[in-house]
2 protein chains.
Amino acid sequence: MAVDVSLVRHSAAHVLAEAVLHLYPGTKLGIGPAIEDGFYYDFLFPAPVTNNDLPAIEKEMRRIISQDHAFVRREVTKDEARHIFADQPFKLELIEGLEEGTVSVYEQDGFVDLCRGPHLESTRQIRPDAIKLRTVAGAYWRGDEKRPMLTRIYALAFADKESLAAHLKMLEEAERRDHRKLGKELDLFSTHEEAGPGLVYWHPKGGRFRVALENWWREEHYKNGYEILFTPHIGKSWLWETSGHLGFYKENMYSPMKIDEDDYYIKPMNCPFHIMVYKSQTRSYRDLPLRWAELGTVYRYERSGTLHGLMRVRGFTQDDAHIFCTPEQIESEIAEVLRFSLFMLKTLGFKEINAYLATKPKGDGSVGAPQLWAQATESLKKAIEKEGLKYEIDEGGGAFYGPKIDLKVKDAIGREWQLTTIQFDFNMSERFGIEYIDADGQRKRPYMVHRALLGSLERFFGVYLEHTAGAFPVWLSPDQVAVIPVASTFSGYVQDVVAELKKKNIRAVGLLSDERMNAKIRYAQNQKIPYMLVVGQKEQDDKTVSVRYRDGRQENAVSLGDFVAHVLDKVASNALDL
Amino acid sequence: MAVDVSLVRHSAAHVLAEAVLHLYPGTKLGIGPAIEDGFYYDFLFPAPVTNNDLPAIEKEMRRIISQDHAFVRREVTKDEARHIFADQPFKLELIEGLEEGTVSVYEQDGFVDLCRGPHLESTRQIRPDAIKLRTVAGAYWRGDEKRPMLTRIYALAFADKESLAAHLKMLEEAERRDHRKLGKELDLFSTHEEAGPGLVYWHPKGGRFRVALENWWREEHYKNGYEILFTPHIGKSWLWETSGHLGFYKENMYSPMKIDEDDYYIKPMNCPFHIMVYKSQTRSYRDLPLRWAELGTVYRYERSGTLHGLMRVRGFTQDDAHIFCTPEQIESEIAEVLRFSLFMLKTLGFKEINAYLATKPKGDGSVGAPQLWAQATESLKKAIEKEGLKYEIDEGGGAFYGPKIDLKVKDAIGREWQLTTIQFDFNMSERFGIEYIDADGQRKRPYMVHRALLGSLERFFGVYLEHTAGAFPVWLSPDQVAVIPVASTFSGYVQDVVAELKKKNIRAVGLLSDERMNAKIRYAQNQKIPYMLVVGQKEQDDKTVSVRYRDGRQENAVSLGDFVAHVLDKVASNALDL
């Protein structure tokens, strides 16, 4: 029977800690949890340890593993635990934080660790060739910058050798596709530490991608019954007090700006602004549903250590929408939001999309009557089932203000990314007291749903860069066509061809520098330009072009008219192929 | 010979002050300058004065005017002046602020005012029927909130009765077109005092206008060789110290937000961000010119008392661009910017456009070598002349960092609005040290030009609302077509027609409520919808529509295909007519 890989990761972490104590006596132990592809362990070493030391530690781990030590669980009192970990100050601190009663510890080969378990039966169940120490990194104890900086050792751990090999291959591929690397090579965006980390500058070529994406996004939203709003980036404290953000979200918000005598906050979310528009007039049941979308740029605090290219930033443009509807409309509205989201994600080329449904948290913390939660959760579930999506339920995992669905897409190398979120909000509608007049003349509370489809344009751009390795579909490519002369004598014809393509709104660029043709072809390939038109004497005489596709195909003597029609068709149909 | 209207305004202000002292002895006098359409005078009245008191004051003014009093100038020492205005504390304060030497005063009918002059010869030159007291308003002494609040009386004053009448008619028309009124009636936008005054919320219909405008703007910018950037709304103090904004612009900026240990400011301008992109790589002369545009939302402090609808706000989206070019390119680049700006403004329907050229300020305050100023100013002048624009030169009126052209458009009722500004910047390029490598291998400083074409989307929206009285061209109309059944039995056909139009991306709305047809027609007229399609039995049978144009024309039995083609043609050509 195959071993449970999470037990492997968990148990291997203990083996790592044991190996470290063998090689570096006096090391203080932090925590060592299992993570997505392995585990890590935080240590305070008596002397600095670097990546160069990892092979020796790995060797010691293999030695321990091969000796077939059992993992033995014991329940001890907190006092006994304090005694066991007397020279491990971080463990002592963890013990203090535990509830009263007994504490579980696990022991193998004389090494004892504080641990809830469960674990493998024996170190022999760990495949030594399925474990790999990857790297060391600094990590503050408990993530707190004011506490000591520990050394974190990251490890990959799988059930068997083949899984590790596949994962290493994926990592290599991921590195090749790193959006920060591609962003530089393709001159798409930059961030500037000195002007503020985590803030994205879209360069001309990134801008073309974004404009093409936004145009399509707006057009599809209009076609699907949405309206588009534009709202301010700052709001007076009244707005954030009313919304409750200053209560439950303040640590993610920036400190206020003073304007006259008032505090203004830069927005971390768009919702309160949409509610102000809702409240700007009396709404009737006849006006509902309202589907209001905005490409709203929001700013949220993230620790500087967690910032990462486009994936984790401090300012980002949510492709946000809010739905206001009656209880009668909620089921069809949710189904419609989900259908539309899937249509958009599939158009972008994501084939495998999974749903994650988070339901009402346990306990008393949540707002909204039980029947609201029940109807909302039911409508989410029905919508998922209607679309035939695979889904997991995270029982009790919803926010205090409503249940939600997250959609995660699988990228080209099998990684999962959360993009879409569809989220009920019973809190905001209540706090702002939004209403509509129903057919019976009564004032009623509409349902309010938040939705971000791509999540944010910045993060989506990063995901999409890694998914496509920068080889965007034609309609999203910053340069769609590169025109290259076989020799400089054909520059005039190149310019004619480029002008003709531009007249048709095709993003064409003529490569007219002094460089050799092969260097230009290499440039166009490196820039992932979908089409290269190479022109020489024959093409000039026949008014044709030779087409080289990004995927390697080649066609000669193509009439320019046919080529234009081909490109325009690919653009108009948002085609994924060339 | 016609009298100089500015002398009329100036002199009438003195007559107003005299009349006020006759009727309200003990009134303290502030200042009373001539303004664009008349004059005002600030008073501290012994008891409140309201609009209801204006007729009596006006009557007293007419009495004084009819008596033919000469305006007599005298030069007095500051001491004598202090004696004359012994019971006028505000005048005494003004006297203290004057340079040493003599002071001029003017006297008519025993009333003396501190004044530089010149004035009319006699009150008889004022036409009593060309003067009209308009309104009272509060105004702080010297515009300072900490000084006393005075009562300002605004007056219209012209050389003759006809000019006043024409102006009153224009004002009435302006009131009818007030963008704040239209904004509400057409449900286009709102501002919310409680969430922060001067911050604009674009409603769904305003959003449709903005999306149509932005789409056109982006498309034309791409067609005309611009690239589009997207940059953050906040930047660390380093950026604003480097740019110099924290030195010379701080009073217009909001107070900083603390992020980690750094101060961040919300941007009042986009330029430093574009420069960061420029500096993100080495630029060669071959890369220039760079034309980088952004719809960048900026935030600037304006006193709350000066905020006015969309015209003066605290947050606005500049349709900004920065040009970076070589000295050899500057003349053609400026000509191109101006040509493009005029093309855009004319497409929007502005026929009369005047230029205002502001040149190097006198004194030592300006940056940039004299030959830079000379070449830049020359290129501006040549561009204006090439386009055959009427222009005025504001000698010495440029900013310290470079000369500029402003373009002002005349609106439908003859008012002038500044929209475009084209502005050299010798300061920012120097402060950030931006460079390019020239053909000779030398590092050189490029020219940098700021340009805002419409100025800001918010203010432009306000101007355009008042210019068109809300009757936008088809391509910018939030609703392009209203479809109205003569009776509810034809609702099905209405829905078919609407669906058909929407399929063609025409913004169509079916009016299917229980109201009577005439009420719906009135609604469509009030909403300034360009086309109304009225359908009944005959239309349903023949698959046609009856078209009512917004301008009153009407056509029956039009095939839907012909109507669609008509609308699409108007949209595609940005037509101003229907």
# chains A, B, ... in the order shown; residues from 1 in each chain; ligands from 1
>>> interface_residues(of="chain A", to="chain B", cutoff="8 Å", atoms="only C-alpha atoms", output="VMD selection string")
chain A and resid 190 192 194 to 196 199 to 204 206 to 208 215 223 227 to 232 235 to 239 254 to 259 264 273 276 to 277 280 292 301 315 502
>>> residues_around(residues="Ala376 of chain A", least_positions_apart="4", cutoff="9 Å", atoms="only C-alpha atoms", output="list in words")
Ile330, Glu331, Ile334, Gln371, Leu372, Leu380, Lys381, Gly402, Pro403, Lys404 and Phe424 of chain A
>>> write_last_selection(atoms="C-alpha atoms", output="JSON list (two decimals), in the first residue's frame")
[["chain", "number", "residue", "atom", "x", "y", "z"],
["A", 330, "ILE", "CA", -30.17, 34.86, -6.51],
["A", 331, "GLU", "CA", -30.05, 31.33, -7.88],
["A", 334, "ILE", "CA", -25.12, 32.98, -9.22],
["A", 371, "GLN", "CA", -31.79, 30.93, 6.15],
["A", 372, "LEU", "CA", -29.77, 33.52, 4.20],
["A", 380, "LEU", "CA", -23.57, 28.25, -5.02],
["A", 381, "LYS", "CA", -23.77, 24.47, -4.89],
["A", 402, "GLY", "CA", -21.02, 34.99, 3.64],
["A", 403, "PRO", "CA", -20.24, 31.76, 1.77],
["A", 404, "LYS", "CA", -18.15, 31.75, -1.40],
["A", 424, "PHE", "CA", -21.81, 36.63, -0.71]]
>>> residues_around(residues="segment 89-101 of chain B", least_positions_apart="3", cutoff="9 Å", atoms="only C-alpha atoms", output="MDAnalysis selection string")
chainID B and resid 28:31 76:78 81:82 85:86 113:114 141
>>> write_last_selection(atoms="all heavy atoms", output="compact mmCIF listing (two decimals), in the first residue's frame")
# COMPACT_ATOMS: atom_id res chain seq x y z
N LYS B 28 -17.70 98.31 6.58
CA LYS B 28 -16.26 98.31 6.34
C LYS B 28 -16.01 97.75 4.94
O LYS B 28 -16.61 96.73 4.55
CB LYS B 28 -15.53 97.45 7.38
CG LYS B 28 -15.83 97.86 8.82
CD LYS B 28 -15.48 99.32 9.09
CE LYS B 28 -15.89 99.73 10.50
NZ LYS B 28 -15.98 101.22 10.62
N LEU B 29 -15.11 98.43 4.21
CA LEU B 29 -14.88 98.08 2.81
C LEU B 29 -13.68 97.16 2.64
O LEU B 29 -12.61 97.42 3.19
CB LEU B 29 -14.64 99.35 1.99
CG LEU B 29 -15.71 100.45 2.11
CD1 LEU B 29 -15.28 101.68 1.31
CD2 LEU B 29 -17.06 99.94 1.62
N GLY B 30 -13.88 96.09 1.85
CA GLY B 30 -12.76 95.24 1.46
C GLY B 30 -12.22 95.71 0.12
O GLY B 30 -11.98 96.89 -0.08
N ILE B 31 -12.11 94.77 -0.83
CA ILE B 31 -11.64 95.16 -2.17
C ILE B 31 -12.78 95.00 -3.17
O ILE B 31 -13.76 94.28 -2.91
CB ILE B 31 -10.43 94.34 -2.62
CG1 ILE B 31 -10.77 92.84 -2.59
CG2 ILE B 31 -9.21 94.65 -1.77
CD1 ILE B 31 -9.77 92.00 -3.37
N VAL B 76 -1.49 110.63 -2.69
CA VAL B 76 -1.33 111.05 -1.29
C VAL B 76 -0.20 110.23 -0.68
O VAL B 76 0.17 109.16 -1.21
CB VAL B 76 -2.63 110.86 -0.48
CG1 VAL B 76 -3.75 111.69 -1.07
CG2 VAL B 76 -3.01 109.38 -0.43
N THR B 77 0.35 110.72 0.43
CA THR B 77 1.37 109.94 1.14
C THR B 77 0.66 108.82 1.89
O THR B 77 -0.56 108.86 2.09
CB THR B 77 2.14 110.80 2.16
OG1 THR B 77 1.21 111.21 3.17
CG2 THR B 77 2.74 112.03 1.50
N LYS B 78 1.43 107.80 2.31
CA LYS B 78 0.81 106.71 3.07
C LYS B 78 0.17 107.23 4.35
O LYS B 78 -0.90 106.73 4.76
CB LYS B 78 1.84 105.62 3.37
CG LYS B 78 2.12 104.74 2.15
CD LYS B 78 3.11 103.63 2.41
CE LYS B 78 2.48 102.43 3.11
NZ LYS B 78 3.39 101.25 3.08
N ALA B 81 -3.05 108.74 3.50
CA ALA B 81 -4.00 107.65 3.20
C ALA B 81 -4.52 107.04 4.50
O ALA B 81 -5.72 106.78 4.64
CB ALA B 81 -3.32 106.58 2.35
N ARG B 82 -3.61 106.84 5.46
CA ARG B 82 -4.06 106.27 6.75
C ARG B 82 -5.10 107.17 7.41
O ARG B 82 -6.04 106.70 8.03
CB ARG B 82 -2.86 106.12 7.70
CG ARG B 82 -1.99 104.92 7.38
CD ARG B 82 -0.93 104.69 8.44
NE ARG B 82 0.12 103.83 7.89
CZ ARG B 82 1.29 104.29 7.42
NH1 ARG B 82 1.58 105.59 7.49
NH2 ARG B 82 2.15 103.46 6.91
N PHE B 85 -8.51 106.78 5.49
CA PHE B 85 -9.22 105.52 5.73
C PHE B 85 -9.17 105.11 7.21
O PHE B 85 -9.21 103.92 7.52
CB PHE B 85 -8.62 104.42 4.83
CG PHE B 85 -8.78 104.71 3.38
CD1 PHE B 85 -7.72 105.20 2.62
CD2 PHE B 85 -10.02 104.55 2.76
CE1 PHE B 85 -7.88 105.48 1.27
CE2 PHE B 85 -10.20 104.83 1.40
CZ PHE B 85 -9.12 105.30 0.66
N ALA B 86 -9.12 106.12 8.07
CA ALA B 86 -8.95 105.87 9.51
C ALA B 86 -10.00 104.90 10.05
O ALA B 86 -9.70 104.07 10.92
CB ALA B 86 -9.00 107.19 10.28
N ASP B 113 -11.90 106.11 -2.53
CA ASP B 113 -11.45 104.71 -2.44
C ASP B 113 -9.98 104.62 -2.82
O ASP B 113 -9.49 105.40 -3.64
CB ASP B 113 -12.29 103.81 -3.35
CG ASP B 113 -12.30 102.37 -2.83
OD1 ASP B 113 -11.47 102.03 -1.95
OD2 ASP B 113 -13.14 101.59 -3.31
N LEU B 114 -9.32 103.70 -2.18
CA LEU B 114 -7.92 103.40 -2.46
C LEU B 114 -7.91 102.67 -3.79
O LEU B 114 -8.61 101.67 -3.96
CB LEU B 114 -7.44 102.46 -1.36
CG LEU B 114 -5.97 102.14 -1.24
CD1 LEU B 114 -5.20 103.38 -0.83
CD2 LEU B 114 -5.80 101.04 -0.16
N TRP B 141 -11.84 87.41 4.09
CA TRP B 141 -10.91 88.51 3.81
C TRP B 141 -9.58 87.91 3.41
O TRP B 141 -9.05 87.04 4.10
CB TRP B 141 -10.81 89.41 5.06
CG TRP B 141 -9.70 90.44 4.98
CD1 TRP B 141 -8.66 90.57 5.85
CD2 TRP B 141 -9.54 91.47 4.01
NE1 TRP B 141 -7.86 91.62 5.49
CE2 TRP B 141 -8.38 92.20 4.34
CE3 TRP B 141 -10.28 91.86 2.88
CZ2 TRP B 141 -7.92 93.31 3.60
CZ3 TRP B 141 -9.83 92.95 2.13
CH2 TRP B 141 -8.66 93.66 2.49
>>> residues_around(residues="Asp364 of chain B", least_positions_apart="4", cutoff="12 Å", atoms="only C-alpha atoms", output="ChimeraX atom specification")
/B:360,368-370,396,400-401
>>> select_by_dssp(residues="segment 163-266 of chain B", states="alpha helix (DSSP H)", output="PyMOL selection string")
chain B and resi 163-176+179-185+204-223+237-243+245-248
>>> residues_around(residues="segment 385-395 of chain A", least_positions_apart="4", cutoff="9 Å", atoms="only C-alpha atoms", output="ChimeraX atom specification")
/A:335,338-339,342,353-362,380-381
>>> closest_residue(among="B:Ser122, B:Gln329, B:Thr135, B:Ser6", to="Glu58 of chain B", atoms="only C-alpha atoms")
B:Thr135
>>> atom_distance(atom1="atom CA of Asp79 of chain A", atom2="atom CA of Met149 of chain A")
27.7 Å
>>> residues_around(residues="Thr421 of chain A", least_positions_apart="3", cutoff="7 Å", atoms="only C-alpha atoms", output="PDB file with C-alpha atoms, in the first residue's frame")
ATOM      1  CA  ILE A 405     -16.831  29.803  -4.358  1.00  0.00           C
ATOM      2  CA  ASP A 406     -13.223  30.107  -5.451  1.00  0.00           C
ATOM      3  CA  LEU A 407     -12.205  28.846  -8.870  1.00  0.00           C
ATOM      4  CA  ARG A 451     -17.030  38.794  -7.718  1.00  0.00           C
ATOM      5  CA  ALA A 452     -13.486  39.097  -9.049  1.00  0.00           C
ATOM      6  CA  LEU A 453     -13.071  37.122 -12.217  1.00  0.00           C
TER       7      LEU A 453
END
>>> closest_residue(among="A:Asn427, A:Ser379, A:Thr326, A:Asn51", to="Val367 of chain A", atoms="only C-alpha atoms")
A:Asn427
>>> atom_distance(atom1="atom CA of Leu44 of chain B", atom2="atom CA of Ala159 of chain B")
28.7 Å
>>> select_by_dssp(residues="segment 415-538 of chain A", states="strand (DSSP E)", output="MDAnalysis selection string")
chainID A and resid 416:424 436:437 443:444 447:456 481:485 508:510 531:535
>>> residues_around(residues="segment 548-551 of chain B", least_positions_apart="3", cutoff="8 Å", atoms="only C-alpha atoms", output="list in words")
Gln525, Lys528, Ile529, Pro530, Tyr531, Met532, Leu533, Val534, Gln554, Glu555 and Leu578 of chain B
>>> atom_distance(atom1="atom CA of Ile131 of chain A", atom2="atom CA of Asp4 of chain A")
14.4 Å
>>> closest_residue(among="A:Phe350, A:His245, A:Asn270, A:Leu560", to="Glu500 of chain A", atoms="only C-alpha atoms")
A:Leu560
>>> closest_residue(among="B:Lys408, B:Lys520, B:Lys161, B:Arg152", to="Phe43 of chain B", atoms="only C-alpha atoms")
B:Arg152
>>> decode(residues="segment 266-378 of chain B", atoms="C-alpha atoms", output="CSV table (one decimal), in the first residue's frame")
chain,number,residue,atom,x,y,z
B,266,ILE,CA,-0.8,59.6,-3.5
B,267,LYS,CA,0.3,61.0,-6.9
B,268,PRO,CA,-0.6,64.6,-7.9
B,269,MET,CA,1.1,63.9,-11.3
B,270,ASN,CA,2.0,61.0,-13.4
B,271,CYS,CA,5.4,62.2,-14.7
B,272,PRO,CA,7.8,60.7,-12.2
B,273,PHE,CA,6.4,57.3,-12.9
B,274,HIS,CA,6.9,57.6,-16.6
B,275,ILE,CA,10.4,58.7,-16.0
B,276,MET,CA,11.0,55.5,-13.9
B,277,VAL,CA,9.9,53.5,-16.9
B,278,TYR,CA,12.2,55.6,-19.1
B,279,LYS,CA,15.1,54.8,-16.8
B,280,SER,CA,14.3,51.1,-16.6
B,281,GLN,CA,16.7,50.6,-19.5
B,282,THR,CA,19.4,52.4,-21.5
B,283,ARG,CA,17.8,54.4,-24.3
B,284,SER,CA,19.4,55.0,-27.7
B,285,TYR,CA,18.7,57.8,-30.1
B,286,ARG,CA,17.2,55.0,-32.3
B,287,ASP,CA,14.5,54.5,-29.6
B,288,LEU,CA,13.3,58.1,-29.7
B,289,PRO,CA,10.9,59.7,-29.9
B,290,LEU,CA,8.9,57.9,-27.2
B,291,ARG,CA,5.3,58.9,-26.9
B,292,TRP,CA,3.9,57.5,-23.7
B,293,ALA,CA,0.3,58.1,-22.7
B,294,GLU,CA,-1.6,57.1,-19.6
B,295,LEU,CA,-5.1,57.7,-18.3
B,296,GLY,CA,-3.7,58.4,-14.9
B,297,THR,CA,-5.9,59.3,-11.9
B,298,VAL,CA,-4.2,61.9,-9.8
B,299,TYR,CA,-5.2,63.5,-6.5
B,300,ARG,CA,-4.7,67.2,-5.6
B,301,TYR,CA,-5.8,69.3,-2.7
B,302,GLU,CA,-8.4,72.0,-3.5
B,303,ARG,CA,-10.1,74.0,-0.8
B,304,SER,CA,-13.5,72.6,-0.2
B,305,GLY,CA,-15.1,76.0,-1.0
B,306,THR,CA,-13.7,75.9,-4.5
B,307,LEU,CA,-15.0,72.5,-5.4
B,308,HIS,CA,-17.5,72.6,-8.2
B,309,GLY,CA,-19.3,69.5,-9.7
B,310,LEU,CA,-16.9,67.9,-12.2
B,311,MET,CA,-15.1,71.2,-13.0
B,312,ARG,CA,-13.0,71.5,-9.9
B,313,VAL,CA,-12.5,68.2,-8.1
B,314,ARG,CA,-9.9,66.6,-5.8
B,315,GLY,CA,-9.4,63.4,-7.9
B,316,PHE,CA,-9.2,63.4,-11.6
B,317,THR,CA,-8.0,61.2,-14.5
B,318,GLN,CA,-5.6,63.1,-16.7
B,319,ASP,CA,-5.3,62.0,-20.2
B,320,ASP,CA,-1.7,62.4,-19.9
B,321,ALA,CA,1.3,61.8,-22.2
B,322,HIS,CA,5.0,62.4,-22.1
B,323,ILE,CA,7.2,62.8,-25.1
B,324,PHE,CA,10.9,62.0,-24.9
B,325,CYS,CA,12.8,63.1,-27.9
B,326,THR,CA,16.1,64.4,-29.3
B,327,PRO,CA,16.7,68.1,-30.0
B,328,GLU,CA,16.5,67.3,-33.7
B,329,GLN,CA,13.0,65.8,-33.3
B,330,ILE,CA,11.5,68.5,-31.0
B,331,GLU,CA,10.1,70.7,-33.8
B,332,SER,CA,8.3,67.9,-35.6
B,333,GLU,CA,7.2,66.3,-32.3
B,334,ILE,CA,5.6,69.5,-31.1
B,335,ALA,CA,3.9,70.0,-34.4
B,336,GLU,CA,2.6,66.4,-34.2
B,337,VAL,CA,1.3,66.8,-30.7
B,338,LEU,CA,-0.5,69.9,-31.7
B,339,ARG,CA,-1.9,68.4,-34.9
B,340,PHE,CA,-3.1,65.4,-33.0
B,341,SER,CA,-4.7,67.5,-30.2
B,342,LEU,CA,-6.6,69.6,-32.7
B,343,PHE,CA,-7.7,66.5,-34.5
B,344,MET,CA,-9.1,65.0,-31.3
B,345,LEU,CA,-10.8,68.3,-30.2
B,346,LYS,CA,-12.4,68.8,-33.6
B,347,THR,CA,-13.6,65.2,-33.7
B,348,LEU,CA,-15.4,66.0,-30.5
B,349,GLY,CA,-17.1,68.9,-32.3
B,350,PHE,CA,-15.2,72.0,-31.1
B,351,LYS,CA,-14.9,74.4,-33.9
B,352,GLU,CA,-13.2,77.4,-32.5
B,353,ILE,CA,-9.9,76.7,-30.7
B,354,ASN,CA,-7.5,79.3,-29.6
B,355,ALA,CA,-3.9,78.9,-28.4
B,356,TYR,CA,-2.1,80.7,-25.6
B,357,LEU,CA,1.6,80.6,-25.6
B,358,ALA,CA,3.4,81.2,-22.3
B,359,THR,CA,7.1,82.1,-22.5
B,360,LYS,CA,10.1,82.2,-20.1
B,361,PRO,CA,9.4,84.0,-16.8
B,362,LYS,CA,11.6,87.0,-16.1
B,363,GLY,CA,14.3,86.8,-13.4
B,364,ASP,CA,16.4,84.0,-12.3
B,365,GLY,CA,13.8,81.5,-11.0
B,366,SER,CA,13.6,79.3,-14.1
B,367,VAL,CA,15.7,76.2,-14.9
B,368,GLY,CA,17.1,75.2,-18.3
B,369,ALA,CA,19.7,77.0,-20.5
B,370,PRO,CA,18.5,80.0,-22.5
B,371,GLN,CA,19.0,78.2,-25.8
B,372,LEU,CA,16.7,75.3,-24.6
B,373,TRP,CA,14.0,77.9,-23.9
B,374,ALA,CA,14.6,79.6,-27.2
B,375,GLN,CA,14.4,76.4,-29.2
B,376,ALA,CA,11.4,75.1,-27.2
B,377,THR,CA,9.5,78.4,-27.5
B,378,GLU,CA,10.3,78.6,-31.2
